[in-house]
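Below is one structure; the comments refer to it alone.
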Amino acid sequence: MRAALDVGRRRVVVGSDRLHAVLNVRSAVVVLVAAALIAVLAVVALALGDFPLTTAEVLGAFTGRTGGFARTVVLEWRLPRAASAVLFGAALGVAGAVFQTLTRNPLASPDIIGLANGSFTGMLVALLALGGSWPLLTAGSLIGGLLAALAIYLLAYRDGLQGFRFIVVGIGISAVLSSFNTWMLLRAELETALFASAWGAGTLNSVTVTTAVPAGLCVLVLLALMPFLTPSLHQLDLGDDAARATGVRVGRIRPAAIAVAVGLVSVVTAVAGPIAFVALAAPQIARGLTRSPGIPFGATGVVGAVLLLGSDLIAQHVLPLTVPVGVVTIVLGGAYLVRLLIHQARKQT
């Protein structure tokens with residue numbers, strides 16, 4: 001490890017002179033604390049339920065010291081849901097960070113500007129027209145999200161991408177898609193409509209090993225692309241002209257980043273339905289904790305994982321009745337959105 005370099009924010013340079021990385025100490029601490037919190041919440045999620053287990057039994061299921069029914073409960077019943085909450089929370093957080101960076105507006109998130117509704121529309125079309133297999137639902141969700149993003153992009157683009165116009169157009173597209181989704185549910189058979197409506201609330205109740213493994217792999221592949229996009233996204237956060245001046249190919253990076261973000265949202269929506277407000281809140285919470293001038297993508301991912309895993313624990317074990325996790329995130333996110341709007345209004349006065 002080389003000597004510390006202090007340029008107003010404490011940083012540490014790790015590596016040799018030819019190959020090294022610069023770590024922000026505060027961001028690294030935030031990521032480590034959030035990762036530790038994820039581990040604690042995951043153990044709690046694996047221990048609580050109709051068949052309660054001790055921490056030793058949960059840990060023993062991974063090492064082989066706990067066997068029989070307890071091992072089945074931990075590894076086959078509860079682990080897919082807890083792991084999905086972590087990965088899906090990170091996916092939604094990073095997707096929100098991409099859109100908030102591209103538009104330079106904290107209100108831009110996939111659930112506000114209609115991408116989650118677009119993915120849900122595609123999933124509903126696949127469910128009602130083609131059946132309910134997971135690959136078809138994922139493909140439908142991805143196509144729906146991409147078409148919604150393309151429509152918003154084309155309608156909002158006027159000599160560049162203006163954040164406010166992008167959000168307003170997105171809210172309009174979201175309203176249209178929400179109405180279309182309701183119309184499709186009203187015309188569907190009762191059993192299918194009830195199934196789709198429960199899914200539309202955003203729930204992890206239906207997560208199994210069969211859906212969690214392929215969805216988790218898709219999320220990991222998409223998240224692995226982010227380190228290649230992050231430097232250019234940080235330059236775009238300064239504006240298109242500044243980004244072009246530093247060599248960023250805006251015309252290629254922006255569509256690529258949008259495609260990755262839509263892919264993350266679509267995979268989550270195909271398995272768990274549209275889960276609101278995690279993508280909106282995680283980037284700004286991470287930015288506040290790290291005191292970063294831009295949105296830190298790594299910290300946003302772990303904060304998103306904490307938010308969704310914690311919300312799922314509340315949905316399962318804290319409330320008198322088990323509710324979809326989307327209900328909890330809407331309540332928590334609504335309070336956050338009110339605070340954000342008040343903060344924005346005070347900044348403009």
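Chain labels A, B, ... are given in the sequence in which chains occur in the structure tokens; within each chain residues are numbered consecutively from 1, and ligands are likewise numbered from 1 in the order shown.
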Please provide as an mmCIF file with N, CA, C and O atoms, in the first residue's frame all residues within 12 Å of range 334-344 of chain A, with the sequence filter that same-chain residues fewer than 2 positions apart are discarded (counting only C-alpha atoms).
data_model
loop_
_atom_site.group_PDB
_atom_site.id
_atom_site.type_symbol
_atom_site.label_atom_id
_atom_site.label_comp_id
_atom_site.auth_asym_id
_atom_site.auth_seq_id
_atom_site.Cartn_x
_atom_site.Cartn_y
_atom_site.Cartn_z
ATOM 1 N N ASN A 105 -30.710 14.148 -12.062
ATOM 2 C CA ASN A 105 -31.895 14.506 -11.286
ATOM 3 C C ASN A 105 -32.197 13.370 -10.306
ATOM 4 O O ASN A 105 -32.326 12.217 -10.727
ATOM 5 N N PRO A 106 -32.326 13.666 -8.996
ATOM 6 C CA PRO A 106 -32.566 12.598 -8.008
ATOM 7 C C PRO A 106 -33.942 11.963 -8.099
ATOM 8 O O PRO A 106 -34.190 10.945 -7.452
ATOM 9 N N LEU A 107 -34.870 12.562 -8.878
ATOM 10 C CA LEU A 107 -36.208 11.977 -9.016
ATOM 11 C C LEU A 107 -36.271 10.925 -10.124
ATOM 12 O O LEU A 107 -37.288 10.236 -10.258
ATOM 13 N N ALA A 108 -35.229 10.809 -10.908
ATOM 14 C CA ALA A 108 -35.244 9.856 -12.018
ATOM 15 C C ALA A 108 -34.926 8.462 -11.509
ATOM 16 O O ALA A 108 -33.803 8.168 -11.131
ATOM 17 N N SER A 109 -35.930 7.614 -11.475
ATOM 18 C CA SER A 109 -35.694 6.210 -11.126
ATOM 19 C C SER A 109 -36.629 5.372 -11.979
ATOM 20 O O SER A 109 -37.666 5.856 -12.450
ATOM 21 N N ILE A 112 -40.366 5.516 -11.212
ATOM 22 C CA ILE A 112 -41.040 6.809 -11.383
ATOM 23 C C ILE A 112 -41.263 7.115 -12.860
ATOM 24 O O ILE A 112 -42.323 7.599 -13.256
ATOM 25 N N ALA A 276 -41.112 -0.867 -5.829
ATOM 26 C CA ALA A 276 -40.958 0.582 -5.950
ATOM 27 C C ALA A 276 -39.969 1.147 -4.940
ATOM 28 O O ALA A 276 -39.719 0.572 -3.886
ATOM 29 N N PHE A 277 -39.404 2.293 -5.298
ATOM 30 C CA PHE A 277 -38.685 3.231 -4.449
ATOM 31 C C PHE A 277 -37.279 2.803 -4.026
ATOM 32 O O PHE A 277 -36.532 3.640 -3.551
ATOM 33 N N VAL A 278 -36.897 1.527 -4.159
ATOM 34 C CA VAL A 278 -35.509 1.163 -3.842
ATOM 35 C C VAL A 278 -34.559 1.869 -4.805
ATOM 36 O O VAL A 278 -33.530 2.426 -4.399
ATOM 37 N N ALA A 279 -34.912 1.867 -6.110
ATOM 38 C CA ALA A 279 -34.069 2.530 -7.105
ATOM 39 C C ALA A 279 -34.034 4.039 -6.903
ATOM 40 O O ALA A 279 -33.062 4.699 -7.264
ATOM 41 N N LEU A 280 -35.086 4.602 -6.335
ATOM 42 C CA LEU A 280 -35.129 6.046 -6.101
ATOM 43 C C LEU A 280 -34.275 6.448 -4.897
ATOM 44 O O LEU A 280 -33.513 7.418 -4.959
ATOM 45 N N ALA A 281 -34.392 5.679 -3.817
ATOM 46 C CA ALA A 281 -33.778 6.106 -2.557
ATOM 47 C C ALA A 281 -32.320 5.689 -2.423
ATOM 48 O O ALA A 281 -31.499 6.451 -1.889
ATOM 49 N N ALA A 282 -31.965 4.488 -2.889
ATOM 50 C CA ALA A 282 -30.621 3.963 -2.635
ATOM 51 C C ALA A 282 -29.501 4.877 -3.134
ATOM 52 O O ALA A 282 -28.522 5.110 -2.400
ATOM 53 N N GLN A 284 -29.340 8.166 -3.553
ATOM 54 C CA GLN A 284 -29.180 9.390 -2.766
ATOM 55 C C GLN A 284 -28.752 9.087 -1.335
ATOM 56 O O GLN A 284 -28.006 9.870 -0.722
ATOM 57 N N ILE A 285 -29.218 7.974 -0.766
ATOM 58 C CA ILE A 285 -28.755 7.583 0.572
ATOM 59 C C ILE A 285 -27.253 7.282 0.530
ATOM 60 O O ILE A 285 -26.487 7.709 1.403
ATOM 61 N N GLY A 326 -43.174 -5.109 -1.708
ATOM 62 C CA GLY A 326 -43.433 -3.854 -2.399
ATOM 63 C C GLY A 326 -44.298 -2.903 -1.597
ATOM 64 O O GLY A 326 -44.176 -1.679 -1.735
ATOM 65 N N VAL A 327 -45.164 -3.444 -0.746
ATOM 66 C CA VAL A 327 -45.990 -2.586 0.106
ATOM 67 C C VAL A 327 -45.116 -1.842 1.118
ATOM 68 O O VAL A 327 -45.299 -0.644 1.372
ATOM 69 N N VAL A 328 -44.148 -2.545 1.690
ATOM 70 C CA VAL A 328 -43.247 -1.917 2.673
ATOM 71 C C VAL A 328 -42.375 -0.862 1.999
ATOM 72 O O VAL A 328 -42.195 0.240 2.534
ATOM 73 N N THR A 329 -41.814 -1.183 0.820
ATOM 74 C CA THR A 329 -40.943 -0.202 0.161
ATOM 75 C C THR A 329 -41.730 1.029 -0.272
ATOM 76 O O THR A 329 -41.190 2.139 -0.281
ATOM 77 N N ILE A 330 -43.021 0.846 -0.630
ATOM 78 C CA ILE A 330 -43.832 2.007 -0.998
ATOM 79 C C ILE A 330 -44.040 2.918 0.205
ATOM 80 O O ILE A 330 -43.931 4.152 0.111
ATOM 81 N N VAL A 331 -44.322 2.336 1.377
ATOM 82 C CA VAL A 331 -44.529 3.146 2.582
ATOM 83 C C VAL A 331 -43.248 3.890 2.957
ATOM 84 O O VAL A 331 -43.251 5.109 3.194
ATOM 85 N N LEU A 332 -42.132 3.138 2.998
ATOM 86 C CA LEU A 332 -40.860 3.776 3.357
ATOM 87 C C LEU A 332 -40.424 4.769 2.278
ATOM 88 O O LEU A 332 -39.953 5.872 2.586
ATOM 89 N N ARG A 346 -36.901 23.649 -1.081
ATOM 90 C CA ARG A 346 -36.144 24.618 -0.279
ATOM 91 C C ARG A 346 -34.879 25.072 -1.002
ATOM 92 O O ARG A 346 -34.440 26.211 -0.850
ATOM 93 N N LYS A 347 -34.279 24.180 -1.801
ATOM 94 C CA LYS A 347 -33.068 24.561 -2.538
ATOM 95 C C LYS A 347 -33.381 25.582 -3.617
ATOM 96 O O LYS A 347 -32.533 26.413 -3.962
ATOM 97 N N GLN A 348 -34.608 25.546 -4.161
ATOM 98 C CA GLN A 348 -34.968 26.451 -5.259
ATOM 99 C C GLN A 348 -35.499 27.786 -4.763
ATOM 100 O O GLN A 348 -35.739 28.681 -5.571
ATOM 101 N N THR A 349 -35.749 27.912 -3.437
ATOM 102 C CA THR A 349 -36.260 29.181 -2.909
ATOM 103 C C THR A 349 -35.143 29.965 -2.228
ATOM 104 O O THR A 349 -34.082 29.467 -1.984
#
Show me, as a CSV table (one decimal) with N, CA, C and O atoms, in the first residue's frame, the residues that have an atom within 12 Å of Leu308 in chain A when counting only C-alpha atoms, minus same-chain residues fewer than 4 positions from it.
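The file below, result_18.csv, is the result:
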chain,number,residue,atom,x,y,z
A,38,ILE,N,-25.7,-6.4,5.8
A,38,ILE,CA,-26.3,-7.4,5.0
A,38,ILE,C,-26.1,-8.8,5.5
A,38,ILE,O,-27.0,-9.6,5.6
A,41,LEU,N,-28.4,-9.2,8.6
A,41,LEU,CA,-29.8,-9.3,8.2
A,41,LEU,C,-30.1,-10.7,7.5
A,41,LEU,O,-31.2,-11.3,7.7
A,42,ALA,N,-29.1,-11.1,6.7
A,42,ALA,CA,-29.3,-12.4,6.0
A,42,ALA,C,-29.4,-13.6,7.0
A,42,ALA,O,-30.2,-14.5,6.9
A,45,ALA,N,-32.8,-13.4,8.5
A,45,ALA,CA,-33.8,-13.9,7.5
A,45,ALA,C,-33.8,-15.4,7.4
A,45,ALA,O,-34.8,-16.0,7.3
A,81,ARG,N,-34.7,-16.9,-1.2
A,81,ARG,CA,-35.4,-15.6,-1.0
A,81,ARG,C,-34.4,-14.5,-0.5
A,81,ARG,O,-34.4,-13.4,-1.0
A,82,ALA,N,-33.6,-14.9,0.5
A,82,ALA,CA,-32.7,-13.9,1.1
A,82,ALA,C,-31.6,-13.5,0.1
A,82,ALA,O,-31.3,-12.3,-0.1
A,83,ALA,N,-31.1,-14.4,-0.7
A,83,ALA,CA,-30.1,-14.1,-1.7
A,83,ALA,C,-30.7,-13.2,-2.8
A,83,ALA,O,-30.1,-12.3,-3.3
A,84,SER,N,-31.9,-13.5,-3.2
A,84,SER,CA,-32.6,-12.7,-4.2
A,84,SER,C,-32.8,-11.3,-3.7
A,84,SER,O,-32.7,-10.3,-4.5
A,85,ALA,N,-33.2,-11.1,-2.4
A,85,ALA,CA,-33.4,-9.8,-1.9
A,85,ALA,C,-32.1,-9.0,-2.0
A,85,ALA,O,-32.2,-7.8,-2.3
A,86,VAL,N,-31.0,-9.6,-1.7
A,86,VAL,CA,-29.7,-8.9,-1.7
A,86,VAL,C,-29.4,-8.5,-3.2
A,86,VAL,O,-29.1,-7.3,-3.5
A,87,LEU,N,-29.5,-9.5,-4.1
A,87,LEU,CA,-29.1,-9.2,-5.5
A,87,LEU,C,-30.1,-8.2,-6.1
A,87,LEU,O,-29.7,-7.3,-6.9
A,88,PHE,N,-31.4,-8.4,-5.9
A,88,PHE,CA,-32.4,-7.6,-6.5
A,88,PHE,C,-32.3,-6.2,-6.0
A,88,PHE,O,-32.5,-5.2,-6.7
A,89,GLY,N,-32.0,-6.0,-4.7
A,89,GLY,CA,-31.8,-4.7,-4.1
A,89,GLY,C,-30.6,-4.0,-4.7
A,89,GLY,O,-30.7,-2.8,-5.1
A,90,ALA,N,-29.5,-4.7,-4.9
A,90,ALA,CA,-28.4,-4.1,-5.5
A,90,ALA,C,-28.7,-3.7,-7.0
A,90,ALA,O,-28.3,-2.7,-7.5
A,91,ALA,N,-29.4,-4.6,-7.7
A,91,ALA,CA,-29.7,-4.3,-9.1
A,91,ALA,C,-30.6,-3.1,-9.2
A,91,ALA,O,-30.3,-2.2,-10.1
A,92,LEU,N,-31.6,-3.0,-8.4
A,92,LEU,CA,-32.5,-1.8,-8.4
A,92,LEU,C,-31.7,-0.5,-8.1
A,92,LEU,O,-31.9,0.5,-8.7
A,93,GLY,N,-30.9,-0.6,-7.0
A,93,GLY,CA,-30.1,0.6,-6.6
A,93,GLY,C,-29.2,1.0,-7.8
A,93,GLY,O,-29.1,2.2,-8.1
A,202,GLY,N,-45.3,-6.4,-6.1
A,202,GLY,CA,-43.9,-6.6,-5.8
A,202,GLY,C,-43.7,-7.5,-4.6
A,202,GLY,O,-43.7,-7.1,-3.5
A,203,THR,N,-43.4,-8.8,-4.9
A,203,THR,CA,-43.3,-9.8,-3.8
A,203,THR,C,-42.2,-10.7,-4.1
A,203,THR,O,-41.9,-11.1,-5.2
A,204,LEU,N,-41.5,-11.2,-3.0
A,204,LEU,CA,-40.5,-12.3,-3.1
A,204,LEU,C,-41.1,-13.6,-2.6
A,204,LEU,O,-40.3,-14.6,-2.5
A,268,VAL,N,-35.5,-8.3,-12.4
A,268,VAL,CA,-36.1,-8.2,-11.1
A,268,VAL,C,-37.6,-8.3,-11.2
A,268,VAL,O,-38.3,-9.0,-10.5
A,272,ALA,N,-40.0,-10.9,-9.3
A,272,ALA,CA,-40.6,-10.3,-8.1
A,272,ALA,C,-41.6,-9.3,-8.4
A,272,ALA,O,-42.2,-8.8,-7.4
A,275,ILE,N,-40.9,-3.6,-7.9
A,275,ILE,CA,-40.7,-3.2,-6.5
A,275,ILE,C,-40.3,-1.7,-6.5
A,275,ILE,O,-39.3,-1.3,-7.0
A,276,ALA,N,-41.1,-0.9,-5.8
A,276,ALA,CA,-41.0,0.6,-6.0
A,276,ALA,C,-40.0,1.1,-4.9
A,276,ALA,O,-39.7,0.6,-3.9
A,277,PHE,N,-39.4,2.3,-5.3
A,277,PHE,CA,-38.7,3.2,-4.4
A,277,PHE,C,-37.3,2.8,-4.0
A,277,PHE,O,-36.5,3.6,-3.6
A,278,VAL,N,-36.9,1.5,-4.2
A,278,VAL,CA,-35.5,1.2,-3.8
A,278,VAL,C,-34.6,1.9,-4.8
A,278,VAL,O,-33.5,2.4,-4.4
A,279,ALA,N,-34.9,1.9,-6.1
A,279,ALA,CA,-34.1,2.5,-7.1
A,279,ALA,C,-34.0,4.0,-6.9
A,279,ALA,O,-33.1,4.7,-7.3
A,281,ALA,N,-34.4,5.7,-3.8
A,281,ALA,CA,-33.8,6.1,-2.6
A,281,ALA,C,-32.3,5.7,-2.4
A,281,ALA,O,-31.5,6.5,-1.9
A,282,ALA,N,-32.0,4.5,-2.9
A,282,ALA,CA,-30.6,4.0,-2.6
A,282,ALA,C,-29.5,4.9,-3.1
A,282,ALA,O,-28.5,5.1,-2.4
A,301,GLY,N,-25.1,0.0,-4.6
A,301,GLY,CA,-25.5,-1.4,-4.7
A,301,GLY,C,-25.7,-2.0,-3.3
A,301,GLY,O,-26.7,-2.7,-3.1
A,302,VAL,N,-24.8,-1.8,-2.4
A,302,VAL,CA,-24.9,-2.4,-1.1
A,302,VAL,C,-26.0,-1.7,-0.3
A,302,VAL,O,-26.7,-2.4,0.5
A,303,VAL,N,-26.2,-0.4,-0.5
A,303,VAL,CA,-27.3,0.2,0.2
A,303,VAL,C,-28.7,-0.3,-0.3
A,303,VAL,O,-29.6,-0.5,0.5
A,304,GLY,N,-28.8,-0.5,-1.6
A,304,GLY,CA,-30.0,-1.1,-2.2
A,304,GLY,C,-30.3,-2.5,-1.6
A,304,GLY,O,-31.4,-2.8,-1.3
A,312,ASP,N,-37.9,-6.7,3.3
A,312,ASP,CA,-38.5,-8.0,3.2
A,312,ASP,C,-38.6,-8.6,4.6
A,312,ASP,O,-39.6,-9.4,4.9
A,313,LEU,N,-37.7,-8.4,5.5
A,313,LEU,CA,-37.8,-8.9,6.9
A,313,LEU,C,-39.0,-8.2,7.6
A,313,LEU,O,-39.8,-8.9,8.3
A,314,ILE,N,-39.2,-6.9,7.3
A,314,ILE,CA,-40.4,-6.2,7.9
A,314,ILE,C,-41.7,-6.8,7.4
A,314,ILE,O,-42.6,-7.1,8.1
A,315,ALA,N,-41.7,-7.1,6.1
A,315,ALA,CA,-42.9,-7.6,5.4
A,315,ALA,C,-43.2,-9.0,5.9
A,315,ALA,O,-44.4,-9.3,6.1
A,324,PRO,N,-46.7,-8.3,0.7
A,324,PRO,CA,-45.7,-8.2,-0.3
A,324,PRO,C,-44.6,-7.1,0.1
A,324,PRO,O,-45.0,-6.1,0.7
A,325,VAL,N,-43.4,-7.4,-0.2
A,325,VAL,CA,-42.3,-6.4,0.1
A,325,VAL,C,-42.5,-5.1,-0.5
A,325,VAL,O,-42.1,-4.0,0.0
A,326,GLY,N,-43.2,-5.1,-1.7
A,326,GLY,CA,-43.4,-3.9,-2.4
A,326,GLY,C,-44.3,-2.9,-1.6
A,326,GLY,O,-44.2,-1.7,-1.7
A,327,VAL,N,-45.2,-3.4,-0.7
A,327,VAL,CA,-46.0,-2.6,0.1
A,327,VAL,C,-45.1,-1.8,1.1
A,327,VAL,O,-45.3,-0.6,1.4
A,328,VAL,N,-44.1,-2.5,1.7
A,328,VAL,CA,-43.2,-1.9,2.7
A,328,VAL,C,-42.4,-0.9,2.0
A,328,VAL,O,-42.2,0.2,2.5
A,329,THR,N,-41.8,-1.2,0.8
A,329,THR,CA,-40.9,-0.2,0.2
A,329,THR,C,-41.7,1.0,-0.3
A,329,THR,O,-41.2,2.1,-0.3
A,330,ILE,N,-43.0,0.8,-0.6
A,330,ILE,CA,-43.8,2.0,-1.0
A,330,ILE,C,-44.0,2.9,0.2
A,330,ILE,O,-43.9,4.2,0.1
A,332,LEU,N,-42.1,3.1,3.0
A,332,LEU,CA,-40.9,3.8,3.4
A,332,LEU,C,-40.4,4.8,2.3
A,332,LEU,O,-40.0,5.9,2.6
A,333,GLY,N,-40.6,4.4,1.0
A,333,GLY,CA,-40.2,5.3,-0.1
A,333,GLY,C,-41.1,6.5,-0.2
A,333,GLY,O,-40.6,7.5,-0.6
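The list of residues with at least one atom within 10 Å of Gly145 in chain A, based on only C-alpha atoms and without residues fewer than 5 positions apart in the same chain, reads Pro110, Gly114, Leu115, Ala116, Asn117, Gly118, Ser119, Phe120, Thr121, Gly122, Met123, Ala139, Gly140, Leu150, Ala151, Ala259, Ala261, Val262, Gly263, Leu264, Val265, Ser266, Val267 and Thr269 of chain A.
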Give the helix (DSSP H, G or I) residues of range 86-130 of chain A, as assigned by DSSP on the backbone, as a ChimeraX atom specification. /A:86-103,115-130
Residues within 12 Å of Gln235 in chain A, only C-alpha atoms, excluding chain neighbours under 4 positions, as a compact mmCIF listing (two decimals) with N, CA, C and O atoms, in the first residue's frame:
# COMPACT_ATOMS: atom_id res chain seq x y z
N THR A 101 -27.83 9.54 -12.71
CA THR A 101 -26.59 10.13 -13.23
C THR A 101 -26.80 10.68 -14.65
O THR A 101 -26.34 11.78 -14.97
N LEU A 102 -27.48 9.92 -15.50
CA LEU A 102 -27.69 10.36 -16.88
C LEU A 102 -28.56 11.62 -16.94
O LEU A 102 -28.34 12.48 -17.81
N ARG A 104 -29.10 13.63 -14.25
CA ARG A 104 -28.64 14.57 -13.21
C ARG A 104 -29.82 15.08 -12.39
O ARG A 104 -29.93 16.27 -12.09
N LEU A 229 -18.54 0.95 -17.41
CA LEU A 229 -19.36 2.12 -17.74
C LEU A 229 -19.21 3.25 -16.72
O LEU A 229 -19.45 4.41 -17.05
N THR A 230 -18.84 2.90 -15.49
CA THR A 230 -18.85 3.89 -14.41
C THR A 230 -17.99 5.13 -14.69
O THR A 230 -18.45 6.26 -14.48
N PRO A 231 -16.73 4.99 -15.16
CA PRO A 231 -15.92 6.21 -15.40
C PRO A 231 -16.60 7.16 -16.40
O PRO A 231 -16.61 8.38 -16.19
N GLY A 239 -22.15 16.77 -17.61
CA GLY A 239 -22.77 17.35 -18.79
C GLY A 239 -22.21 16.74 -20.06
O GLY A 239 -21.07 16.25 -20.08
N ASP A 240 -23.01 16.75 -21.14
CA ASP A 240 -22.58 16.13 -22.39
C ASP A 240 -21.34 16.79 -22.97
O ASP A 240 -20.42 16.11 -23.44
N ASP A 241 -21.30 18.12 -22.95
CA ASP A 241 -20.15 18.82 -23.54
C ASP A 241 -18.86 18.51 -22.79
O ASP A 241 -17.80 18.26 -23.41
N ALA A 242 -18.93 18.52 -21.47
CA ALA A 242 -17.75 18.20 -20.67
C ALA A 242 -17.32 16.76 -20.89
O ALA A 242 -16.12 16.44 -20.95
N ALA A 243 -18.30 15.86 -21.01
CA ALA A 243 -17.96 14.45 -21.25
C ALA A 243 -17.27 14.28 -22.60
O ALA A 243 -16.27 13.56 -22.72
N ARG A 244 -17.82 14.94 -23.64
CA ARG A 244 -17.19 14.83 -24.96
C ARG A 244 -15.78 15.41 -24.95
O ARG A 244 -14.88 14.89 -25.62
N ALA A 245 -15.59 16.48 -24.19
CA ALA A 245 -14.27 17.11 -24.13
C ALA A 245 -13.23 16.18 -23.51
O ALA A 245 -12.02 16.32 -23.78
N THR A 246 -13.68 15.24 -22.66
CA THR A 246 -12.75 14.30 -22.03
C THR A 246 -12.68 12.97 -22.77
O THR A 246 -12.12 12.00 -22.26
N GLY A 247 -13.28 12.93 -23.96
CA GLY A 247 -13.14 11.74 -24.79
C GLY A 247 -14.23 10.71 -24.67
O GLY A 247 -14.12 9.61 -25.22
N VAL A 248 -15.31 11.02 -23.93
CA VAL A 248 -16.40 10.06 -23.76
C VAL A 248 -17.27 10.04 -25.02
O VAL A 248 -17.66 11.09 -25.53
N ARG A 249 -17.54 8.84 -25.54
CA ARG A 249 -18.42 8.71 -26.69
C ARG A 249 -19.86 8.66 -26.19
O ARG A 249 -20.42 7.59 -25.93
N VAL A 250 -20.45 9.83 -26.07
CA VAL A 250 -21.77 9.96 -25.45
C VAL A 250 -22.81 9.14 -26.18
O VAL A 250 -23.66 8.48 -25.56
N ILE A 253 -22.14 5.42 -25.04
CA ILE A 253 -22.19 5.11 -23.61
C ILE A 253 -23.61 5.23 -23.07
O ILE A 253 -24.07 4.37 -22.30
N ARG A 254 -24.34 6.27 -23.47
CA ARG A 254 -25.68 6.48 -22.91
C ARG A 254 -26.64 5.33 -23.24
O ARG A 254 -27.27 4.78 -22.33
N PRO A 293 -19.40 13.75 -4.39
CA PRO A 293 -20.00 14.74 -5.31
C PRO A 293 -20.88 14.09 -6.37
O PRO A 293 -21.83 14.69 -6.85
N GLY A 294 -20.57 12.87 -6.77
CA GLY A 294 -21.40 12.12 -7.70
C GLY A 294 -22.00 10.91 -7.00
O GLY A 294 -21.74 10.67 -5.82
N ILE A 295 -22.82 10.16 -7.72
CA ILE A 295 -23.44 8.97 -7.13
C ILE A 295 -22.44 7.82 -7.15
O ILE A 295 -21.96 7.43 -8.22
So which one's closest to Ser174 in chain A, A:Ala224, A:Val306, A:Ile113, A:Leu136? Using only C-alpha atoms, please.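 Distance minimum relative to Ser174 in chain A lands on A:Ile113.
With only C-alpha atoms as the atoms that count, the minimum distance from Pro227 in chain A to the choices A:Phe195, A:Phe51, A:Phe297, A:Phe180 is reached by A:Phe297.
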Coordinates-based distance that separates CA of Val125 in chain A from CA of Arg187 in chain A (Å, one decimal):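 Calculated distance between CA of Arg187 in chain A and CA of Val125 in chain A is 12.0 Å.
In terms of minimum interatomic distance to Leu225 in chain A, A:Val94 ranks closest within A:Val44, A:Leu137, A:Ala270, A:Val94, counting only C-alpha atoms.
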Can you tell me how far CA of Val169 in chain A sits from CA of Leu155 in chain A, in Å to one decimal? 7.0 Å
Mind checking which residues fall within 10 Å of range 188-194 of chain A, counting only C-alpha atoms, ignoring those fewer than 6 positions away in the same chain, and posting them as an mmCIF file with N, CA, C and O atoms, in the first residue's frame?
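Printed below is around_26.cif as written:
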data_model
loop_
_atom_site.group_PDB
_atom_site.id
_atom_site.type_symbol
_atom_site.label_atom_id
_atom_site.label_comp_id
_atom_site.auth_asym_id
_atom_site.auth_seq_id
_atom_site.Cartn_x
_atom_site.Cartn_y
_atom_site.Cartn_z
ATOM 1 N N LEU A 124 -46.897 -9.073 -18.413
ATOM 2 C CA LEU A 124 -48.316 -9.412 -18.490
ATOM 3 C C LEU A 124 -48.687 -9.941 -19.869
ATOM 4 O O LEU A 124 -49.440 -10.919 -20.002
ATOM 5 N N LEU A 127 -47.431 -13.380 -20.084
ATOM 6 C CA LEU A 127 -48.210 -14.279 -19.225
ATOM 7 C C LEU A 127 -49.572 -14.604 -19.835
ATOM 8 O O LEU A 127 -49.990 -15.769 -19.858
ATOM 9 N N LEU A 128 -50.257 -13.582 -20.356
ATOM 10 C CA LEU A 128 -51.618 -13.778 -20.845
ATOM 11 C C LEU A 128 -51.652 -14.395 -22.244
ATOM 12 O O LEU A 128 -52.575 -15.136 -22.578
ATOM 13 N N GLY A 132 -46.848 -19.015 -18.724
ATOM 14 C CA GLY A 132 -46.148 -18.458 -17.570
ATOM 15 C C GLY A 132 -44.761 -18.981 -17.316
ATOM 16 O O GLY A 132 -44.289 -18.924 -16.176
ATOM 17 N N THR A 182 -53.879 -2.226 -16.030
ATOM 18 C CA THR A 182 -55.166 -2.429 -15.353
ATOM 19 C C THR A 182 -56.209 -2.990 -16.309
ATOM 20 O O THR A 182 -56.980 -3.887 -15.953
ATOM 21 N N GLY A 200 -47.898 -7.938 -9.212
ATOM 22 C CA GLY A 200 -47.738 -6.521 -9.490
ATOM 23 C C GLY A 200 -47.473 -5.674 -8.266
ATOM 24 O O GLY A 200 -47.012 -4.536 -8.375
#
Find the spatial neighbours of Ala61 in chain A, counting only C-alpha atoms, within a cut-off of 12 Å - ignore same-chain residues fewer than 4 positions away - and output them as a VMD selection string. chain A and resid 43 46 to 47 53 to 57 65 to 76 78 to 79
Residues of range 6-90 of chain A in strand (DSSP E), written as a PyMOL selection string: chain A and resi 6+10-15+20-24
Write out as a PyMOL selection string the residues lying within 12 Å of Ala156 in chain A, counting only C-alpha atoms and excluding same-chain residues fewer than 4 positions away. chain A and resi 103+113+149-152+160-173
